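Asker: The following file, run.cif, comprises mmCIF, C-alpha atoms:
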```cif
data_upload
loop_
_atom_site.label_atom_id
_atom_site.label_comp_id
_atom_site.auth_asym_id
_atom_site.auth_seq_id
_atom_site.Cartn_x
_atom_site.Cartn_y
_atom_site.Cartn_z
CA MET A 2 -57.64 -16.58 -2.75
CA SER A 3 -57.91 -18.94 -5.70
CA GLU A 4 -59.50 -22.39 -5.47
CA ASP A 5 -56.02 -23.88 -5.77
CA SER A 6 -54.62 -21.89 -2.83
CA PRO A 7 -53.99 -23.74 0.44
CA LYS A 8 -56.91 -23.54 2.84
CA VAL A 9 -56.12 -21.48 5.94
CA LEU A 10 -57.19 -23.52 8.97
CA PHE A 11 -55.65 -21.41 11.72
CA GLU A 12 -54.26 -17.90 11.91
CA ILE A 13 -51.41 -17.90 14.40
CA THR A 14 -50.78 -14.77 16.46
CA GLU A 15 -48.37 -13.93 19.28
CA ASN A 16 -51.10 -14.81 21.77
CA HIS A 17 -50.95 -18.43 20.63
CA LEU A 18 -47.28 -18.86 21.57
CA ASN A 19 -46.45 -20.88 24.71
CA THR A 20 -49.98 -22.27 24.98
CA GLY A 21 -49.09 -25.94 24.55
CA LEU A 22 -50.32 -26.07 20.93
CA ARG A 23 -53.88 -26.16 22.32
CA GLY A 24 -56.30 -26.19 19.41
CA PHE A 25 -53.61 -26.02 16.71
CA PRO A 26 -54.41 -28.22 13.67
CA VAL A 27 -51.24 -30.16 12.87
CA GLY A 28 -52.43 -33.30 11.09
CA THR A 29 -55.23 -35.74 10.41
CA CYS A 30 -56.47 -38.64 12.53
CA ARG A 31 -57.97 -41.78 10.96
CA THR A 32 -58.85 -43.62 14.17
CA SER A 33 -61.08 -41.41 16.31
CA LYS A 34 -62.58 -38.00 16.82
CA VAL A 35 -64.01 -36.09 19.77
CA ASP A 36 -67.26 -34.17 19.32
CA PRO A 37 -68.12 -31.59 22.02
CA TYR A 38 -71.61 -33.03 22.48
CA THR A 39 -71.50 -36.69 21.42
CA GLY A 40 -68.02 -37.48 22.72
CA VAL A 41 -65.43 -39.82 21.27
CA SER A 42 -66.09 -42.15 18.36
CA TYR A 43 -63.80 -44.71 16.76
CA VAL A 44 -63.86 -44.89 12.95
CA GLY A 45 -67.44 -43.60 12.93
CA HIS A 46 -68.76 -45.84 15.73
CA SER A 47 -69.96 -44.21 18.96
CA ILE A 48 -68.41 -45.26 22.24
CA GLY A 49 -71.82 -46.29 23.56
CA GLU A 50 -72.27 -48.62 20.60
CA MET A 51 -68.88 -50.26 21.05
CA ALA A 52 -68.91 -50.61 24.85
CA THR A 53 -70.29 -54.17 24.69
CA TRP A 54 -68.25 -55.38 21.70
CA ASP A 55 -65.48 -57.90 22.09
CA PRO A 56 -62.34 -55.87 22.87
CA GLU A 57 -60.57 -57.55 19.94
CA GLU A 58 -63.27 -56.18 17.62
CA VAL A 59 -62.37 -52.65 18.64
CA VAL A 60 -58.64 -53.30 18.27
CA PHE A 61 -59.33 -54.62 14.76
CA LEU A 62 -61.51 -51.59 13.98
CA LEU A 63 -58.85 -49.07 14.98
CA HIS A 64 -56.13 -50.84 13.02
CA ASN A 65 -58.13 -51.84 9.92
CA LYS A 66 -60.74 -49.04 9.81
CA HIS A 67 -63.72 -51.38 9.57
CA ARG A 68 -65.55 -53.70 11.94
CA PRO A 69 -64.48 -57.31 11.44
CA SER A 70 -66.77 -59.98 10.11
CA ALA A 71 -67.28 -63.05 12.29
CA ASP A 72 -64.59 -64.93 10.35
CA GLU A 73 -62.19 -61.99 10.45
CA LEU A 74 -62.64 -61.70 14.22
CA VAL A 75 -61.88 -65.40 14.77
CA ALA A 76 -58.74 -65.10 12.65
CA PHE A 77 -57.68 -61.88 14.36
CA LYS A 78 -58.05 -63.36 17.84
CA ALA A 79 -55.97 -66.33 16.78
CA ASP A 80 -53.33 -64.03 15.29
CA LEU A 81 -53.05 -61.98 18.49
CA ALA A 82 -52.79 -65.16 20.56
CA SER A 83 -49.97 -66.40 18.31
CA ARG A 84 -48.05 -63.14 18.85
CA SER A 85 -48.37 -63.07 22.64
CA LYS A 86 -45.28 -65.00 23.78
CA VAL A 87 -42.89 -62.81 25.76
CA ASP A 88 -39.18 -63.57 26.02
CA PRO A 89 -38.64 -65.05 29.52
CA SER A 90 -35.75 -62.67 30.13
CA VAL A 91 -38.21 -59.75 30.17
CA ILE A 92 -40.00 -61.16 33.22
CA GLU A 93 -36.72 -61.99 34.96
CA LEU A 94 -35.42 -58.46 34.39
CA LEU A 95 -38.64 -56.99 35.77
CA LYS A 96 -37.86 -58.82 39.02
CA SER A 97 -34.65 -56.79 39.33
CA LEU A 98 -36.35 -53.39 39.20
CA PRO A 99 -36.40 -51.31 42.39
CA PRO A 100 -39.76 -51.71 44.16
CA GLU A 101 -39.84 -48.03 45.03
CA GLY A 102 -40.11 -47.21 41.33
CA HIS A 103 -43.58 -46.07 40.25
CA PRO A 104 -45.64 -48.64 38.31
CA MET A 105 -45.51 -46.36 35.26
CA GLU A 106 -41.72 -46.41 35.43
CA TRP A 107 -41.92 -50.20 35.51
CA LEU A 108 -44.20 -50.11 32.47
CA MET A 109 -41.79 -47.90 30.53
CA ALA A 110 -38.96 -50.27 31.44
CA GLY A 111 -41.07 -53.25 30.37
CA LEU A 112 -41.81 -51.71 26.99
CA ASN A 113 -38.11 -51.11 26.40
CA LEU A 114 -37.37 -54.71 27.35
CA LEU A 115 -40.02 -55.97 24.92
CA GLY A 116 -38.39 -53.90 22.21
CA MET A 117 -34.89 -55.17 22.98
CA THR A 118 -36.04 -58.78 22.89
CA GLY A 119 -38.65 -58.86 20.16
CA LYS A 120 -38.89 -55.92 17.78
CA THR A 121 -39.11 -56.49 14.04
CA SER A 122 -38.66 -52.81 13.02
CA ASP A 123 -41.88 -53.17 11.02
CA PHE A 124 -44.33 -50.68 12.53
CA GLN A 125 -47.41 -52.71 11.67
CA GLN A 126 -46.05 -55.99 12.99
CA ASP A 127 -44.61 -54.40 16.11
CA ALA A 128 -47.93 -52.66 16.79
CA LEU A 129 -49.82 -55.96 16.88
CA ASN A 130 -47.03 -57.72 18.77
CA LEU A 131 -47.03 -54.98 21.40
CA ILE A 132 -50.80 -55.16 21.85
CA ALA A 133 -50.58 -58.94 22.24
CA ARG A 134 -47.61 -58.91 24.64
CA SER A 135 -48.29 -55.90 26.86
CA PRO A 136 -50.90 -57.74 29.03
CA THR A 137 -48.24 -60.27 30.08
CA VAL A 138 -45.78 -57.53 31.06
CA ILE A 139 -48.38 -55.48 32.92
CA ALA A 140 -49.76 -58.46 34.81
CA ALA A 141 -46.21 -59.50 35.74
CA LEU A 142 -45.24 -56.04 37.00
CA TYR A 143 -48.43 -55.98 39.08
CA ARG A 144 -47.64 -59.32 40.72
CA ILE A 145 -43.91 -58.73 41.20
CA ARG A 146 -44.09 -55.18 42.50
CA SER A 147 -47.18 -55.81 44.67
CA GLY A 148 -45.74 -58.97 46.20
CA TRP A 149 -48.62 -61.15 45.00
CA GLY A 150 -46.32 -64.00 44.03
CA GLU A 151 -44.75 -65.36 40.87
CA PRO A 152 -46.17 -64.26 37.50
CA ILE A 153 -48.95 -66.52 36.23
CA ALA A 154 -48.49 -68.31 32.91
CA SER A 155 -50.34 -66.79 29.98
CA GLN A 156 -53.36 -68.52 28.42
CA PRO A 157 -53.85 -66.34 25.31
CA GLU A 158 -56.69 -68.48 24.00
CA LEU A 159 -58.86 -66.97 26.76
CA GLY A 160 -58.91 -63.59 24.97
CA LEU A 161 -56.98 -60.35 25.54
CA VAL A 162 -58.83 -59.13 28.62
CA GLU A 163 -59.79 -62.53 30.03
CA ASN A 164 -56.16 -63.64 29.88
CA PHE A 165 -55.03 -60.41 31.50
CA VAL A 166 -57.39 -60.94 34.45
CA HIS A 167 -56.21 -64.57 34.67
CA MET A 168 -52.55 -63.46 34.77
CA LEU A 169 -53.27 -60.74 37.35
CA GLY A 170 -54.68 -63.27 39.81
CA VAL A 171 -55.84 -60.46 42.09
CA PRO A 172 -55.82 -61.76 45.69
CA GLY A 173 -59.39 -61.72 46.98
CA GLY A 174 -60.62 -60.10 43.77
CA ASP A 175 -63.93 -60.77 42.05
CA GLU A 176 -62.73 -62.23 38.74
CA VAL A 177 -66.16 -62.09 37.09
CA ALA A 178 -66.75 -58.43 38.01
CA LEU A 179 -63.17 -57.47 37.17
CA THR A 180 -63.37 -59.11 33.75
CA LYS A 181 -66.63 -57.36 32.95
CA LEU A 182 -65.22 -54.04 34.10
CA LEU A 183 -61.88 -54.32 32.28
CA ARG A 184 -63.49 -55.42 29.02
CA THR A 185 -65.36 -52.11 29.07
CA PHE A 186 -62.50 -50.05 30.53
CA TYR A 187 -60.14 -51.33 27.82
CA ILE A 188 -62.49 -50.25 25.04
CA LEU A 189 -63.37 -46.85 26.52
CA HIS A 190 -59.75 -45.76 26.93
CA MET A 191 -58.22 -47.03 23.66
CA ASP A 192 -58.16 -43.74 21.75
CA HIS A 193 -59.13 -40.10 22.06
CA GLY A 194 -58.32 -38.13 18.93
CA GLY A 195 -54.87 -37.31 17.69
CA GLY A 196 -53.73 -34.42 19.85
CA ASN A 197 -53.72 -35.65 23.45
CA LEU A 198 -50.25 -35.50 24.97
CA SER A 199 -49.33 -39.19 25.08
CA THR A 200 -50.52 -39.87 21.53
CA PHE A 201 -48.81 -36.77 20.14
CA VAL A 202 -45.54 -37.59 21.89
CA GLY A 203 -45.58 -41.17 20.60
CA LYS A 204 -46.20 -40.02 17.04
CA ALA A 205 -43.56 -37.30 17.29
CA VAL A 206 -40.89 -39.76 18.45
CA ALA A 207 -41.89 -42.23 15.74
CA SER A 208 -41.55 -39.45 13.14
CA GLY A 209 -37.81 -39.61 13.77
CA LEU A 210 -38.09 -43.32 12.87
CA ALA A 211 -37.61 -44.62 16.39
CA ASP A 212 -39.20 -48.07 16.57
CA MET A 213 -42.69 -48.75 17.93
CA TYR A 214 -41.47 -49.81 21.37
CA ALA A 215 -39.29 -46.74 21.94
CA SER A 216 -42.08 -44.50 20.63
CA MET A 217 -44.62 -46.13 22.93
CA GLY A 218 -42.27 -45.79 25.89
CA ALA A 219 -42.12 -42.07 25.20
CA ALA A 220 -45.90 -41.94 24.90
CA MET A 221 -46.24 -43.62 28.30
CA ALA A 222 -43.83 -41.07 29.77
CA GLY A 223 -46.28 -38.41 28.57
CA LEU A 224 -49.19 -40.32 30.10
CA TYR A 225 -47.32 -40.64 33.42
CA GLY A 226 -47.70 -36.98 34.33
CA ALA A 227 -50.28 -35.71 36.82
CA ARG A 228 -51.96 -33.54 34.17
CA HIS A 229 -52.72 -36.49 31.93
CA GLY A 230 -52.97 -40.12 33.00
CA LYS A 231 -53.14 -39.68 36.76
CA ALA A 232 -56.61 -38.16 36.67
CA ASN A 233 -58.52 -41.34 37.55
CA GLN A 234 -56.32 -41.81 40.62
CA ASP A 235 -56.94 -38.21 41.71
CA CYS A 236 -60.68 -38.67 41.20
CA LEU A 237 -60.78 -41.75 43.43
CA ASN A 238 -58.89 -39.90 46.17
CA PHE A 239 -61.32 -37.01 45.77
CA ILE A 240 -64.31 -39.34 46.16
CA LYS A 241 -62.72 -40.87 49.25
CA SER A 242 -62.22 -37.42 50.78
CA VAL A 243 -65.96 -36.65 50.61
CA GLY A 244 -66.62 -39.11 53.42
CA SER A 245 -70.30 -39.66 52.70
CA SER A 246 -72.63 -40.75 49.93
CA ASP A 247 -75.45 -38.55 51.26
CA PRO A 248 -76.37 -35.93 48.60
CA GLU A 249 -76.65 -33.13 51.16
CA GLU A 250 -73.22 -33.93 52.59
CA ILE A 251 -71.82 -34.08 49.06
CA GLU A 252 -73.26 -30.66 48.25
CA ARG A 253 -71.76 -29.14 51.39
CA PHE A 254 -68.39 -30.69 50.51
CA ILE A 255 -68.49 -29.35 46.95
CA ARG A 256 -69.47 -25.85 48.00
CA ALA A 257 -66.71 -25.78 50.63
CA SER A 258 -64.20 -27.01 48.02
CA LEU A 259 -65.23 -24.31 45.56
CA ALA A 260 -64.98 -21.67 48.27
CA ARG A 261 -61.36 -22.74 48.76
CA HIS A 262 -60.85 -22.68 44.98
CA ASP A 263 -60.13 -26.42 45.00
CA LEU A 264 -60.64 -28.56 41.92
CA ILE A 265 -63.74 -30.70 41.57
CA TYR A 266 -62.04 -33.77 40.17
CA GLY A 267 -63.76 -35.72 37.43
CA PHE A 268 -65.87 -32.84 36.14
CA GLY A 269 -65.13 -30.68 33.11
CA HIS A 270 -63.28 -31.35 29.88
CA ALA A 271 -61.22 -29.31 27.43
CA VAL A 272 -63.47 -30.27 24.50
CA LEU A 273 -66.70 -31.85 25.75
CA ARG A 274 -69.75 -29.74 26.54
CA ALA A 275 -71.98 -32.61 27.71
CA GLU A 276 -71.54 -35.65 29.93
CA ASP A 277 -68.75 -37.81 28.57
CA PRO A 278 -70.43 -40.91 27.08
CA ARG A 279 -67.59 -42.98 28.53
CA ALA A 280 -68.68 -41.81 31.98
CA THR A 281 -72.32 -42.63 31.13
CA VAL A 282 -71.32 -46.20 30.24
CA GLN A 283 -69.33 -46.58 33.46
CA TYR A 284 -72.08 -45.26 35.74
CA ALA A 285 -74.43 -47.87 34.25
CA LEU A 286 -71.78 -50.57 34.67
CA GLY A 287 -71.31 -49.61 38.31
CA GLU A 288 -75.03 -50.05 38.96
CA GLU A 289 -74.60 -53.57 37.60
CA ILE A 290 -71.39 -54.78 39.25
CA CYS A 291 -71.12 -52.79 42.51
CA PRO A 292 -74.41 -50.94 43.20
CA ASP A 293 -73.97 -51.03 46.98
CA ASP A 294 -70.33 -50.02 47.14
CA GLU A 295 -70.15 -46.89 49.29
CA LEU A 296 -67.57 -45.10 47.15
CA PHE A 297 -69.53 -45.86 43.99
CA ARG A 298 -72.69 -44.51 45.60
CA THR A 299 -70.76 -41.33 46.46
CA ALA A 300 -69.59 -41.00 42.85
CA ALA A 301 -73.06 -41.74 41.49
CA ASN A 302 -74.71 -39.11 43.71
CA MET A 303 -71.98 -36.59 42.93
CA ARG A 304 -72.90 -36.98 39.26
CA GLU A 305 -76.11 -35.04 39.89
CA VAL A 306 -75.03 -32.77 42.74
CA ALA A 307 -71.76 -31.52 41.27
CA VAL A 308 -73.32 -30.71 37.90
CA ARG A 309 -76.11 -28.75 39.54
CA VAL A 310 -73.73 -26.73 41.73
CA LEU A 311 -71.18 -26.11 38.97
CA LYS A 312 -73.91 -24.86 36.63
CA GLU A 313 -74.50 -21.97 39.02
CA ASN A 314 -71.24 -20.43 37.81
CA PRO A 315 -71.71 -19.00 34.28
CA LYS A 316 -67.94 -19.16 33.73
CA VAL A 317 -67.98 -22.97 33.92
CA HIS A 318 -68.43 -24.15 30.34
CA SER A 319 -68.27 -27.87 31.06
CA PRO A 320 -69.75 -28.89 34.43
CA TYR A 321 -70.32 -32.50 33.39
CA PRO A 322 -68.61 -35.76 34.42
CA ASN A 323 -65.69 -36.94 32.31
CA VAL A 324 -64.28 -40.45 31.84
CA ASP A 325 -62.27 -40.29 35.07
CA ALA A 326 -65.18 -39.34 37.34
CA VAL A 327 -66.02 -42.93 38.23
CA SER A 328 -63.43 -45.26 36.65
CA GLY A 329 -61.14 -45.35 39.70
CA THR A 330 -64.10 -46.07 41.96
CA LEU A 331 -65.07 -49.06 39.82
CA LEU A 332 -61.52 -50.41 39.73
CA ASN A 333 -61.33 -50.10 43.51
CA ALA A 334 -64.66 -51.90 43.96
CA ALA A 335 -63.54 -54.76 41.70
CA GLY A 336 -60.46 -55.47 43.82
CA LEU A 337 -57.74 -53.27 42.27
CA THR A 338 -57.38 -51.07 45.32
CA ASP A 339 -53.88 -49.63 44.76
CA SER A 340 -54.54 -46.51 42.72
CA ASP A 341 -50.85 -46.09 41.84
CA TYR A 342 -51.48 -48.68 39.10
CA TYR A 343 -54.47 -46.97 37.50
CA THR A 344 -52.38 -45.01 35.00
CA VAL A 345 -50.76 -48.31 33.96
CA LEU A 346 -54.21 -49.70 33.18
CA PHE A 347 -54.98 -46.52 31.22
CA GLY A 348 -51.72 -47.02 29.33
CA TRP A 349 -52.48 -50.70 28.63
CA SER A 350 -55.62 -49.60 26.82
CA ARG A 351 -54.21 -46.49 25.15
CA ILE A 352 -51.38 -48.54 23.61
CA VAL A 353 -53.97 -49.79 21.09
CA GLY A 354 -54.94 -46.38 19.74
CA ILE A 355 -51.47 -44.85 19.88
CA ALA A 356 -50.04 -47.83 18.00
CA ALA A 357 -52.76 -47.49 15.34
CA GLN A 358 -52.05 -43.79 14.92
CA ILE A 359 -48.29 -44.36 14.70
CA VAL A 360 -48.86 -46.97 11.98
CA ASP A 361 -51.11 -44.54 10.10
CA GLU A 362 -48.54 -41.72 10.30
CA ARG A 363 -45.62 -43.90 9.30
CA LEU A 364 -47.19 -46.10 6.61
CA HIS A 365 -50.40 -44.60 5.27
CA LEU A 366 -50.61 -40.82 5.38
CA ARG A 367 -49.28 -38.57 2.62
CA ASP A 368 -49.95 -41.29 0.04
CA GLY A 369 -47.81 -43.78 1.92
CA LYS A 370 -44.80 -41.49 2.35
CA GLY A 371 -45.61 -40.97 6.01
CA VAL A 372 -45.76 -37.80 8.05
CA ALA A 373 -42.55 -35.78 8.01
CA ILE A 374 -40.39 -35.58 11.13
CA TYR A 375 -42.01 -33.21 13.62
CA ARG A 376 -40.10 -29.93 13.61
CA CYS A 377 -42.13 -26.98 14.89
CA SER A 378 -40.58 -23.54 15.13
CA TYR A 379 -40.00 -21.34 18.16
CA LYS A 380 -39.69 -17.57 18.23
CA ALA A 381 -36.33 -16.37 19.56
CA GLU A 382 -36.75 -13.97 22.47
CA ASN A 383 -34.44 -12.02 24.81
CA GLN A 384 -31.29 -13.43 23.33
CA GLY A 385 -29.43 -10.17 22.86
#
```
Could you express the structure from this file as structure tokens?

Answerer:
Amino acid sequence: MSEDSPKVLFEITENHLNTGLRGFPVGTCRTSKVDPYTGVSYVGHSIGEMATWDPEEVVFLLHNKHRPSADELVAFKADLASRSKVDPSVIELLKSLPPEGHPMEWLMAGLNLLGMTGKTSDFQQDALNLIARSPTVIAALYRIRSGWGEPIASQPELGLVENFVHMLGVPGGDEVALTKLLRTFYILHMDHGGGNLSTFVGKAVASGLADMYASMGAAMAGLYGARHGKANQDCLNFIKSVGSSDPEEIERFIRASLARHDLIYGFGHAVLRAEDPRATVQYALGEEICPDDELFRTAANMREVAVRVLKENPKVHSPYPNVDAVSGTLLNAAGLTDSDYYTVLFGWSRIVGIAAQIVDERLHLRDGKGVAIYRCSYKAENQG
């Protein structure tokens, strides 16, 4: 092979067919990467480093590929605030949705309504508008569908997360703890490489030149599924089923679950071979905001017990906690007790990274020509 020949990254065999493209290199990602041992980083910054940044700093980083200066951050916050107004008809139409619809179905409907009432057909502008407006839609769907009362007027000058908590108005919730938690949650879940299902689907739809809102709606449909965005909800239900925070009881529960070939939710990862740094950040946050919460204590003790038990099986390559191991427990402790909404909160955060990657693929990659329309090939089989 000459130096000018294309570099072979992956040799495809019959055994790779029908495997969900797992591990196939199909493009480049400018926003984030996932290392098996150090976890996810955004534009070269570790998740542990960014966990205490202003959320708007991380949004700026993903979309501009550098950390903002103090002046840039002030201007960026003001710009997002100026973009945040949602057409009143969007909120009124949300009120007409069937309450039996899942919150993720409401979110997908809300994104389509935002697109119908406010798209510019400029991917960059629509990305920032969507980030600025999605908190209003998500807070409204929470209040309307949950019966908490009328949506609360936006105060965008508070900041992205602070305004979101204000608009939620969680009945009986701890606003200080919830704000602290969601500032971190928002950052931790913004992006995760280029090949996760929701991100890939959003970019694939945008490659056909569907607008940002339609592409993001498709991405959220990908996130909706039980194999992807529902994991934090499943983990909370798993923690609840343990019934005790006592380490010995937890060990008995885990061993009985493994004997039945049940999943140990919140442990293991397709890429990571160490504890997910996003989980590490959340365990520390839990010790700060809800150290005596019984479910959190169960999750915290499971962190040690489950790893120890899972390591006994040499076939388990990743026995460590992932990002979902404790996130649902923290949300529950902070007052967001209906786990059906947890995927919506995941989506609220992931909108940032997916939007950044769509903008990169449409406007910046291939010397500005953009990534070609996705068109993979399938082998014909048993067709006569």

Asker: Starting from the shown file, work through the PyMOL selection byres ((chain A and resi 97-108) around 12) and note down what comes out as a ChimeraX atom specification.

Answerer: /A:90-96,109-115,135-148,214,217-227,230-231,339-349,352

Asker: Distance atom CA of Ala71 of chain A-atom CA of Phe165 of chain A, one decimal place?

Answerer: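 Distance between the two atoms: 22.9 Å.
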
Asker: Could you please determine the separation between atom CA of Ile355 of chain A and atom CA of Ile290 of chain A in Å, to one decimal place?

Answerer: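 Rounded to one decimal, the two atoms are 29.5 Å apart.
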
Asker: In Å, with one decimal, what is the gap from atom CA of Asn238 of chain A to atom CA of Ala301 of chain A?

Answerer: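 Distance reported for this atom pair: 15.0 Å.
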
Asker: Within 8 Å of Val162 of chain A, counting all atoms listed in the file, which residues qualify if same-chain residues fewer than 4 places away don't, as a tab-separated table (two decimals) with C-alpha atoms, in the coordinates of the input?

Answerer:
```
chain	number	residue	atom	x	y	z
A	56	PRO	CA	-62.34	-55.87	22.87
A	166	VAL	CA	-57.39	-60.94	34.45
A	180	THR	CA	-63.37	-59.11	33.75
A	183	LEU	CA	-61.88	-54.32	32.28
A	184	ARG	CA	-63.49	-55.42	29.02
A	187	TYR	CA	-60.14	-51.33	27.82
```
